[in-house]
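Source file: structure04.tsv; contents: TSV, C-alpha atoms.
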chain	number	residue	atom	x	y	z
A	1	MET	CA	116.00	54.28	96.85
A	2	MET	CA	117.02	51.04	95.07
A	3	TYR	CA	115.09	47.77	95.48
A	4	SER	CA	116.30	44.18	95.03
A	5	SER	CA	114.97	42.28	91.96
A	6	ARG	CA	113.68	39.65	94.33
A	7	ARG	CA	111.55	42.03	96.36
A	8	LYS	CA	108.68	44.20	95.34
A	9	PRO	CA	108.22	47.65	96.84
A	10	VAL	CA	106.19	47.70	100.02
A	11	LEU	CA	103.56	49.74	98.26
A	12	TYR	CA	102.57	46.71	96.16
A	13	PHE	CA	102.11	44.22	99.01
A	14	LYS	CA	98.66	42.82	99.45
A	15	GLU	CA	96.81	44.19	102.47
A	16	GLU	CA	96.68	40.85	104.32
A	17	ARG	CA	100.44	40.33	103.93
A	18	PHE	CA	101.13	43.92	104.92
A	19	LEU	CA	99.27	43.36	108.17
A	20	SER	CA	100.74	39.95	108.83
A	21	GLY	CA	103.08	39.13	111.67
A	22	LYS	CA	106.06	39.42	109.36
A	23	CYS	CA	105.55	43.17	109.16
A	24	THR	CA	107.78	44.79	111.76
A	25	ILE	CA	108.34	48.27	113.01
A	26	TYR	CA	111.40	48.48	110.77
A	27	LYS	CA	109.28	47.94	107.65
A	28	LEU	CA	106.99	50.78	108.68
A	29	PHE	CA	109.99	53.02	109.22
A	30	GLY	CA	111.34	52.05	105.80
A	31	LEU	CA	108.01	52.89	104.18
A	32	CYS	CA	108.01	56.34	105.78
A	33	MET	CA	111.55	57.02	104.56
A	34	VAL	CA	110.62	56.05	101.00
A	35	LEU	CA	107.65	58.42	101.05
A	36	VAL	CA	109.78	61.28	102.40
A	37	LEU	CA	112.46	60.77	99.75
A	38	ILE	CA	109.88	60.66	96.96
A	39	SER	CA	108.28	63.88	98.28
A	40	LEU	CA	111.62	65.70	98.47
A	41	LEU	CA	112.55	64.62	94.96
A	42	TRP	CA	109.25	65.82	93.58
A	43	LEU	CA	109.59	69.15	95.38
A	44	GLN	CA	113.11	69.69	94.06
A	45	LEU	CA	112.06	68.97	90.48
A	46	SER	CA	109.07	71.28	90.79
A	47	CYS	CA	111.14	74.18	92.16
A	48	SER	CA	113.79	73.71	89.47
A	49	GLY	CA	111.14	73.78	86.79
A	50	ASP	CA	109.58	76.94	88.22
A	51	MET	CA	112.93	78.71	88.46
A	52	SER	CA	113.82	77.73	84.91
A	53	SER	CA	110.56	79.15	83.59
A	54	VAL	CA	111.09	82.40	85.51
A	55	THR	CA	114.64	82.69	84.19
A	56	ARG	CA	113.48	82.11	80.60
A	57	GLN	CA	110.73	84.68	81.05
A	58	ASN	CA	113.12	87.29	82.45
A	59	GLN	CA	115.51	86.78	79.53
A	60	HIS	CA	112.77	87.89	77.13
A	61	ASP	CA	111.26	90.53	79.41
A	62	PRO	CA	113.25	93.81	79.44
A	63	GLN	CA	111.60	94.95	82.69
A	64	PRO	CA	113.39	93.80	85.88
A	65	PRO	CA	111.30	92.02	88.49
A	66	PRO	CA	109.99	94.17	91.34
A	67	PRO	CA	112.02	94.27	94.56
A	68	PRO	CA	110.91	91.60	97.00
A	69	CYS	CA	110.43	93.69	100.15
A	70	PRO	CA	109.79	97.27	101.31
A	71	THR	CA	113.26	97.68	102.80
A	72	GLU	CA	114.88	97.21	99.39
A	73	ARG	CA	112.54	99.81	97.89
A	74	GLN	CA	113.61	102.29	100.57
A	75	ALA	CA	117.28	101.57	99.90
A	76	SER	CA	116.85	102.16	96.16
A	77	ALA	CA	115.07	105.47	96.89
A	78	ALA	CA	118.01	106.62	99.00
A	79	ASP	CA	120.29	105.93	96.02
A	80	ASP	CA	118.27	108.32	93.87
A	81	PRO	CA	120.52	111.13	92.50
A	82	SER	CA	118.00	113.72	93.71
A	83	TRP	CA	119.23	113.01	97.26
A	84	GLY	CA	122.56	114.62	96.39
A	85	PRO	CA	126.15	113.39	96.86
A	86	HIS	CA	126.63	114.26	100.54
A	87	LYS	CA	125.95	112.19	103.65
A	88	LEU	CA	125.38	113.49	107.17
A	89	ALA	CA	126.72	111.95	110.36
A	90	LEU	CA	124.16	112.89	112.99
A	91	VAL	CA	126.29	112.79	116.14
A	92	VAL	CA	124.35	112.65	119.41
A	93	PRO	CA	126.33	112.88	122.69
A	94	PHE	CA	124.37	110.73	125.11
A	95	ARG	CA	124.21	109.42	128.67
A	96	GLU	CA	121.27	107.72	130.40
A	97	ARG	CA	118.44	109.57	128.64
A	98	PHE	CA	116.75	106.60	127.01
A	99	GLU	CA	113.22	108.00	127.10
A	100	GLU	CA	114.33	110.90	124.93
A	101	LEU	CA	116.29	108.60	122.62
A	102	LEU	CA	113.18	106.52	121.85
A	103	VAL	CA	111.49	109.70	120.58
A	104	PHE	CA	114.52	111.29	118.92
A	105	VAL	CA	115.75	108.52	116.59
A	106	PRO	CA	112.50	107.78	114.67
A	107	PHE	CA	111.60	111.50	114.58
A	108	MET	CA	114.93	112.56	113.05
A	109	HIS	CA	115.09	109.61	110.65
A	110	LYS	CA	111.67	110.53	109.25
A	111	PHE	CA	112.49	114.26	109.19
A	112	LEU	CA	115.76	113.80	107.26
A	113	ASN	CA	114.28	111.26	104.85
A	114	LYS	CA	111.49	113.68	103.99
A	115	LYS	CA	114.15	116.27	103.16
A	116	LYS	CA	116.15	113.69	101.18
A	117	ILE	CA	119.20	113.99	103.40
A	118	ARG	CA	121.43	110.90	103.32
A	119	HIS	CA	122.37	110.24	106.92
A	120	LYS	CA	123.32	107.85	109.67
A	121	ILE	CA	122.51	108.43	113.33
A	122	LEU	CA	125.40	107.86	115.76
A	123	ILE	CA	124.54	107.75	119.46
A	124	ILE	CA	127.81	108.25	121.37
A	125	ASN	CA	126.86	106.74	124.71
A	126	GLN	CA	129.22	107.54	127.60
A	127	VAL	CA	129.35	104.52	129.90
A	128	ASP	CA	131.73	105.86	132.56
A	129	HIS	CA	130.85	108.10	135.47
A	130	TYR	CA	130.78	111.73	134.29
A	131	PHE	CA	129.37	113.42	131.18
A	132	ASN	CA	131.66	115.21	128.69
A	133	ARG	CA	129.60	116.39	125.71
A	134	ALA	CA	132.50	117.89	123.76
A	135	SER	CA	134.66	114.77	123.98
A	136	LEU	CA	131.73	112.60	122.90
A	137	ILE	CA	131.26	114.76	119.80
A	138	ASN	CA	134.98	114.37	119.07
A	139	VAL	CA	134.51	110.60	119.34
A	140	GLY	CA	131.56	110.81	116.94
A	141	PHE	CA	133.71	112.67	114.43
A	142	LYS	CA	136.44	110.02	114.59
A	143	GLU	CA	133.99	107.10	114.46
A	144	SER	CA	131.72	108.49	111.74
A	145	GLY	CA	133.43	106.64	108.88
A	146	ASN	CA	134.60	107.65	105.43
A	147	ASP	CA	131.11	107.46	103.94
A	148	THR	CA	130.06	110.76	105.59
A	149	ASP	CA	131.43	114.20	104.74
A	150	TYR	CA	129.67	116.47	107.25
A	151	LEU	CA	128.30	116.19	110.76
A	152	ALA	CA	125.56	117.56	112.96
A	153	MET	CA	126.36	118.15	116.62
A	154	HIS	CA	122.81	117.42	117.79
A	155	ASP	CA	121.24	117.42	121.27
A	156	VAL	CA	118.98	114.44	121.93
A	157	ASP	CA	116.27	116.59	123.52
A	158	LEU	CA	115.83	119.10	120.66
A	159	LEU	CA	113.48	118.24	117.77
A	160	PRO	CA	113.02	120.47	114.68
A	161	LEU	CA	109.33	121.22	114.01
A	162	ASN	CA	109.71	123.48	110.98
A	163	GLU	CA	110.42	121.60	107.74
A	164	ALA	CA	112.00	124.71	106.25
A	165	LEU	CA	115.06	124.23	108.47
A	166	ASP	CA	118.11	123.39	106.38
A	167	TYR	CA	120.12	120.24	107.21
A	168	GLY	CA	121.99	120.24	103.92
A	169	PHE	CA	125.74	120.28	103.31
A	170	PRO	CA	127.18	123.51	104.86
A	171	LYS	CA	129.71	124.21	102.13
A	172	GLU	CA	130.25	127.90	102.90
A	173	GLY	CA	130.76	127.50	106.64
A	174	PRO	CA	129.28	126.15	109.90
A	175	PHE	CA	125.49	126.41	109.96
A	176	HIS	CA	123.81	126.90	113.34
A	177	VAL	CA	120.35	125.34	112.94
A	178	ALA	CA	119.22	126.10	116.53
A	179	SER	CA	120.05	129.80	116.34
A	180	PRO	CA	119.44	132.10	119.35
A	181	GLU	CA	116.32	133.68	117.83
A	182	LEU	CA	114.77	130.21	117.38
A	183	HIS	CA	115.98	128.13	120.32
A	184	PRO	CA	113.32	127.85	123.06
A	185	LEU	CA	115.81	128.49	125.91
A	186	TYR	CA	119.11	130.12	124.87
A	187	HIS	CA	119.01	133.51	123.18
A	188	TYR	CA	122.44	135.12	123.55
A	189	LYS	CA	124.27	136.09	120.37
A	190	THR	CA	127.34	133.85	120.75
A	191	TYR	CA	125.30	130.69	121.37
A	192	VAL	CA	126.23	127.85	118.96
A	193	GLY	CA	124.81	124.84	120.85
A	194	GLY	CA	121.79	122.60	120.32
A	195	ILE	CA	122.24	121.80	116.62
A	196	LEU	CA	125.30	122.84	114.62
A	197	LEU	CA	126.30	121.56	111.15
A	198	LEU	CA	129.91	121.53	109.95
A	199	THR	CA	131.81	119.91	107.14
A	200	LYS	CA	134.43	117.50	108.35
A	201	ARG	CA	137.12	119.76	106.94
A	202	HIS	CA	135.88	122.73	108.96
A	203	TYR	CA	135.60	120.65	112.14
A	204	HIS	CA	139.17	119.46	111.64
A	205	MET	CA	140.31	123.07	111.16
A	206	CYS	CA	139.02	123.80	114.68
A	207	ASN	CA	140.80	120.72	116.08
A	208	GLY	CA	137.33	119.61	117.19
A	209	MET	CA	136.06	120.64	120.62
A	210	SER	CA	137.94	121.06	123.88
A	211	ASN	CA	138.03	118.01	126.15
A	212	ARG	CA	138.33	120.11	129.30
A	213	PHE	CA	134.60	120.49	130.02
A	214	TRP	CA	133.19	117.78	132.28
A	215	GLY	CA	129.54	117.99	133.24
A	216	TRP	CA	126.86	120.01	131.50
A	217	GLY	CA	127.47	123.34	129.76
A	218	ARG	CA	130.15	125.84	128.69
A	219	GLU	CA	131.80	123.75	125.94
A	220	ASP	CA	129.72	125.53	123.25
A	221	ASP	CA	130.95	128.97	124.33
A	222	GLU	CA	134.55	127.84	124.00
A	223	PHE	CA	133.80	126.32	120.58
A	224	TYR	CA	132.40	129.66	119.36
A	225	ARG	CA	135.85	131.12	120.01
A	226	ARG	CA	137.44	128.24	118.08
A	227	LEU	CA	135.29	129.06	115.06
A	228	ARG	CA	136.47	132.66	115.16
A	229	LYS	CA	140.11	131.62	115.60
A	230	ALA	CA	139.82	129.36	112.52
A	231	GLU	CA	138.31	132.36	110.63
A	232	LEU	CA	135.17	130.41	109.75
A	233	GLN	CA	132.04	132.38	109.00
A	234	LEU	CA	129.00	131.24	110.98
A	235	PHE	CA	125.66	131.00	109.15
A	236	ARG	CA	122.16	130.85	110.63
A	237	PRO	CA	118.64	130.25	109.26
A	238	SER	CA	116.76	133.04	107.53
A	239	GLY	CA	113.09	133.34	106.67
A	240	ILE	CA	111.94	131.15	109.56
A	241	THR	CA	108.79	132.71	111.04
A	242	THR	CA	107.99	130.19	113.79
A	243	GLY	CA	110.25	131.86	116.39
A	244	TYR	CA	110.68	130.00	119.67
A	245	LYS	CA	108.17	127.37	118.51
A	246	THR	CA	110.57	126.20	115.79
A	247	PHE	CA	111.85	123.39	118.04
A	248	LEU	CA	110.37	121.04	120.59
A	249	HIS	CA	112.50	120.78	123.73
A	250	ILE	CA	111.58	117.41	125.27
A	251	HIS	CA	113.85	117.66	128.31
A	252	ASP	CA	111.91	117.70	131.57
A	253	PRO	CA	114.03	119.19	134.41
A	254	ALA	CA	111.50	117.98	136.98
A	255	TRP	CA	112.66	114.38	136.59
A	256	ARG	CA	115.95	114.68	134.67
A	257	LYS	CA	118.61	116.78	136.37
A	258	ARG	CA	121.56	118.13	134.43
A	259	ASP	CA	124.84	116.26	134.92
A	260	GLN	CA	126.82	119.29	136.00
A	261	LYS	CA	129.51	120.24	138.45
A	262	ARG	CA	130.05	123.94	139.06
A	263	VAL	CA	133.77	124.47	139.51
A	264	ALA	CA	135.24	127.95	139.46
A	265	ALA	CA	138.38	126.83	137.60
A	266	GLN	CA	136.32	125.20	134.85
A	267	LYS	CA	134.02	128.19	134.52
A	268	GLN	CA	136.90	130.35	133.34
A	269	GLU	CA	137.72	127.86	130.56
A	270	GLN	CA	134.75	128.99	128.46
A	271	PHE	CA	136.16	132.49	128.00
A	272	LYS	CA	139.37	131.43	126.26
A	273	VAL	CA	140.43	128.97	123.60
A	274	ASP	CA	141.99	125.73	124.79
A	275	PRO	CA	145.29	125.99	122.84
A	276	ASP	CA	146.17	122.30	122.77
A	277	GLY	CA	143.04	120.25	123.49
A	278	GLY	CA	140.67	118.75	120.98
A	279	LEU	CA	140.98	115.96	118.45
A	280	THR	CA	144.74	115.84	118.99
A	281	ASN	CA	144.61	114.87	122.67
A	282	LEU	CA	141.32	112.97	122.80
A	283	GLN	CA	141.60	109.73	124.80
A	284	TYR	CA	138.78	107.23	124.63
A	285	GLN	CA	137.93	103.57	124.29
A	286	VAL	CA	135.04	102.05	122.35
A	287	ASP	CA	133.55	99.50	124.69
A	288	SER	CA	131.09	98.08	122.13
A	289	ARG	CA	128.94	98.89	119.11
A	290	GLN	CA	125.28	98.05	118.64
A	291	GLU	CA	123.16	98.42	115.53
A	292	LEU	CA	119.60	99.15	116.64
A	293	THR	CA	116.28	99.89	115.00
A	294	ILE	CA	113.81	102.04	116.93
A	295	SER	CA	110.31	102.10	115.43
A	296	GLY	CA	111.81	101.27	112.02
A	297	ALA	CA	114.61	103.88	112.27
A	298	PRO	CA	118.21	102.57	112.27
A	299	CYS	CA	120.93	103.96	114.49
A	300	THR	CA	124.34	102.95	115.81
A	301	ILE	CA	125.06	102.99	119.53
A	302	ILE	CA	128.78	103.47	120.27
A	303	ASN	CA	129.38	102.73	123.95
A	304	THR	CA	132.36	104.88	124.91
A	305	LYS	CA	134.68	105.22	127.87
A	306	LEU	CA	136.51	108.53	128.22
A	307	GLU	CA	139.86	108.92	129.92
A	308	CYS	CA	140.39	111.86	132.24
A	309	ASP	CA	143.73	113.39	133.11
A	310	GLN	CA	143.12	114.86	136.57
A	311	ASN	CA	146.40	116.74	136.39
A	312	GLN	CA	144.89	118.78	133.54
A	313	THR	CA	141.25	118.80	134.66
A	314	PRO	CA	140.97	117.96	138.36
A	315	TRP	CA	137.21	118.61	138.29
A	316	CYS	CA	136.57	115.39	136.34

Would it be possible to restate this file's structure as structure tokens?
Amino acid sequence: MMYSSRRKPVLYFKEERFLSGKCTIYKLFGLCMVLVLISLLWLQLSCSGDMSSVTRQNQHDPQPPPPPCPTERQASAADDPSWGPHKLALVVPFRERFEELLVFVPFMHKFLNKKKIRHKILIINQVDHYFNRASLINVGFKESGNDTDYLAMHDVDLLPLNEALDYGFPKEGPFHVASPELHPLYHYKTYVGGILLLTKRHYHMCNGMSNRFWGWGREDDEFYRRLRKAELQLFRPSGITTGYKTFLHIHDPAWRKRDQKRVAAQKQEQFKVDPDGGLTNLQYQVDSRQELTISGAPCTIINTKLECDQNQTPWC
């Protein structure tokens, strides 16, 4: 702040003049502004000097400074070549089971990180009236992005307890993690539900899953026939000794009923391959996207509306 040659700064006034009647509220305000400006100038010069010294030090120091926060350290660990070149899209078909979601997301994020599996968790949340698991998985495939090259069709209520389970890239063919000899509930030989890994190329070869199954169940049995039609070999875990205790099934039927509708016409659909339905006739709308963190674990919620052609599937 500039001062006139005829006036001394207020700081140099004698005490009796400073307290005289000529001192007004405006002079006090001016004094405060001068002190604030001087403080800001001093702070700016100090910070500039500190930054200059740090810059000069770093120019002579070959070691880079440590990352400033834990999140950056985690990101750099995920870029480690030992994690491999592939990235998993963990696709979770979902509707109104938030208690299970709060357990699932942090559990799976920790489990996959421990196995050094690059991943992102996609919760495909159906916001309209009636659940269609297969169509939601098709949506997850389409919305998974170009940064992933394989996907897991993963139930929200099934948690892997054995760290020997393989979630790696299924190069040779679809890999059924929740195989019949390990799943706590479903033990028939053609079962491919619960947790199934596929490369995106293999999923596209099957034209995805049929969109004809509304309500709970049966879509997996039809997809097994799609795998056979595409001449894809199905692989399952070996050497797992934990049996039916390999997974934790957190679904409680006492308070969470299945969203199902038993229709005779739909029941027959599981025993044949839908010749036209799948990725090619999927109709949906993304209502919104939300990036969430649950207990430190990131996930993406894709709120989805499905369109139903009642001429094709009157049971929807």

What are the nearest atom pairs, with distances in Å to one decimal, for all residues of range 161-265 of chain A that come at most 12 Å from range 271-293 of chain A, using all atoms listed in the file, set out by chain and rising residue number as a Markdown table?
| residue | atom | partner | partner_atom | distance |
| --- | --- | --- | --- | --- |
| A:Thr190 | CA | A:Phe271 | CA | 11.5 |
| A:Tyr203 | CA | A:Leu279 | CA | 9.5 |
| A:His204 | CA | A:Leu279 | CA | 7.9 |
| A:Met205 | CA | A:Leu279 | CA | 10.2 |
| A:Cys206 | CA | A:Gly278 | CA | 8.2 |
| A:Asn207 | CA | A:Gly278 | CA | 5.3 |
| A:Gly208 | CA | A:Gly278 | CA | 5.1 |
| A:Met209 | CA | A:Gly278 | CA | 5.0 |
| A:Ser210 | CA | A:Gly278 | CA | 4.6 |
| A:Asn211 | CA | A:Gly278 | CA | 5.9 |
| A:Arg212 | CA | A:Gly277 | CA | 7.5 |
| A:Phe213 | CA | A:Asp274 | CA | 10.5 |
| A:Arg218 | CA | A:Phe271 | CA | 9.0 |
| A:Glu219 | CA | A:Phe271 | CA | 10.0 |
| A:Asp220 | CA | A:Phe271 | CA | 10.6 |
| A:Asp221 | CA | A:Phe271 | CA | 7.3 |
| A:Glu222 | CA | A:Val273 | CA | 6.0 |
| A:Phe223 | CA | A:Val273 | CA | 7.8 |
| A:Tyr224 | CA | A:Val273 | CA | 9.1 |
| A:Arg225 | CA | A:Val273 | CA | 6.2 |
| A:Arg226 | CA | A:Val273 | CA | 6.3 |
| A:Leu227 | CA | A:Val273 | CA | 10.0 |
| A:Arg228 | CA | A:Val273 | CA | 10.0 |
| A:Lys229 | CA | A:Val273 | CA | 8.4 |
| A:Ala230 | CA | A:Val273 | CA | 11.1 |
| A:Ala265 | CA | A:Phe271 | CA | 11.4 |

Would you mind exporting C-alpha atoms of the selected residues as a CSV table (one decimal), in the coordinates of the input?
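This is the output file selection.csv:
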chain,number,residue,atom,x,y,z
A,190,THR,CA,127.3,133.8,120.8
A,203,TYR,CA,135.6,120.6,112.1
A,204,HIS,CA,139.2,119.5,111.6
A,205,MET,CA,140.3,123.1,111.2
A,206,CYS,CA,139.0,123.8,114.7
A,207,ASN,CA,140.8,120.7,116.1
A,208,GLY,CA,137.3,119.6,117.2
A,209,MET,CA,136.1,120.6,120.6
A,210,SER,CA,137.9,121.1,123.9
A,211,ASN,CA,138.0,118.0,126.2
A,212,ARG,CA,138.3,120.1,129.3
A,213,PHE,CA,134.6,120.5,130.0
A,218,ARG,CA,130.2,125.8,128.7
A,219,GLU,CA,131.8,123.8,125.9
A,220,ASP,CA,129.7,125.5,123.2
A,221,ASP,CA,131.0,129.0,124.3
A,222,GLU,CA,134.6,127.8,124.0
A,223,PHE,CA,133.8,126.3,120.6
A,224,TYR,CA,132.4,129.7,119.4
A,225,ARG,CA,135.8,131.1,120.0
A,226,ARG,CA,137.4,128.2,118.1
A,227,LEU,CA,135.3,129.1,115.1
A,228,ARG,CA,136.5,132.7,115.2
A,229,LYS,CA,140.1,131.6,115.6
A,230,ALA,CA,139.8,129.4,112.5
A,265,ALA,CA,138.4,126.8,137.6

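Neighbours of His176 in chain A closer than or equal to 8 Å, with all atoms listed in the file counted and sequence neighbours fewer than 3 positions away skipped, come out as Ser179, Val192, Gly193, Ile195, Leu196, Leu197, Leu234, Phe235, Arg236 and Pro237 of chain A.
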
Residues near Leu159 in chain A, cut-off 7 Å, all atoms listed in the file, skip fewer than 5 positions along chain, as a list in words: Phe247, Leu248 and His249 of chain A

Could you take the residues named above and write them with C-alpha atoms, as a short mmCIF file (atom, residue, chain, number, x, y, z; two decimals), keeping the file's coordinate frame?
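Written output follows (out-v3.cif):
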data_model
loop_
_atom_site.label_atom_id
_atom_site.label_comp_id
_atom_site.auth_asym_id
_atom_site.auth_seq_id
_atom_site.Cartn_x
_atom_site.Cartn_y
_atom_site.Cartn_z
CA PHE A 247 111.85 123.39 118.04
CA LEU A 248 110.37 121.04 120.59
CA HIS A 249 112.50 120.78 123.73
#

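You will find CA of Leu151 in chain A at 5.6 Å from CA of Leu198 in chain A.
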
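Between CA of Glu307 in chain A and CA of Pro174 in chain A the interatomic distance comes to 28.5 Å.
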
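Going from CA of Gly239 in chain A to CA of His187 in chain A covers 17.5 Å.
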
Shortest interatomic distance to Glu163 in chain A - which of A:His109, A:Lys245, A:Lys114, A:Arg133, counting only C-alpha atoms: A:Lys114
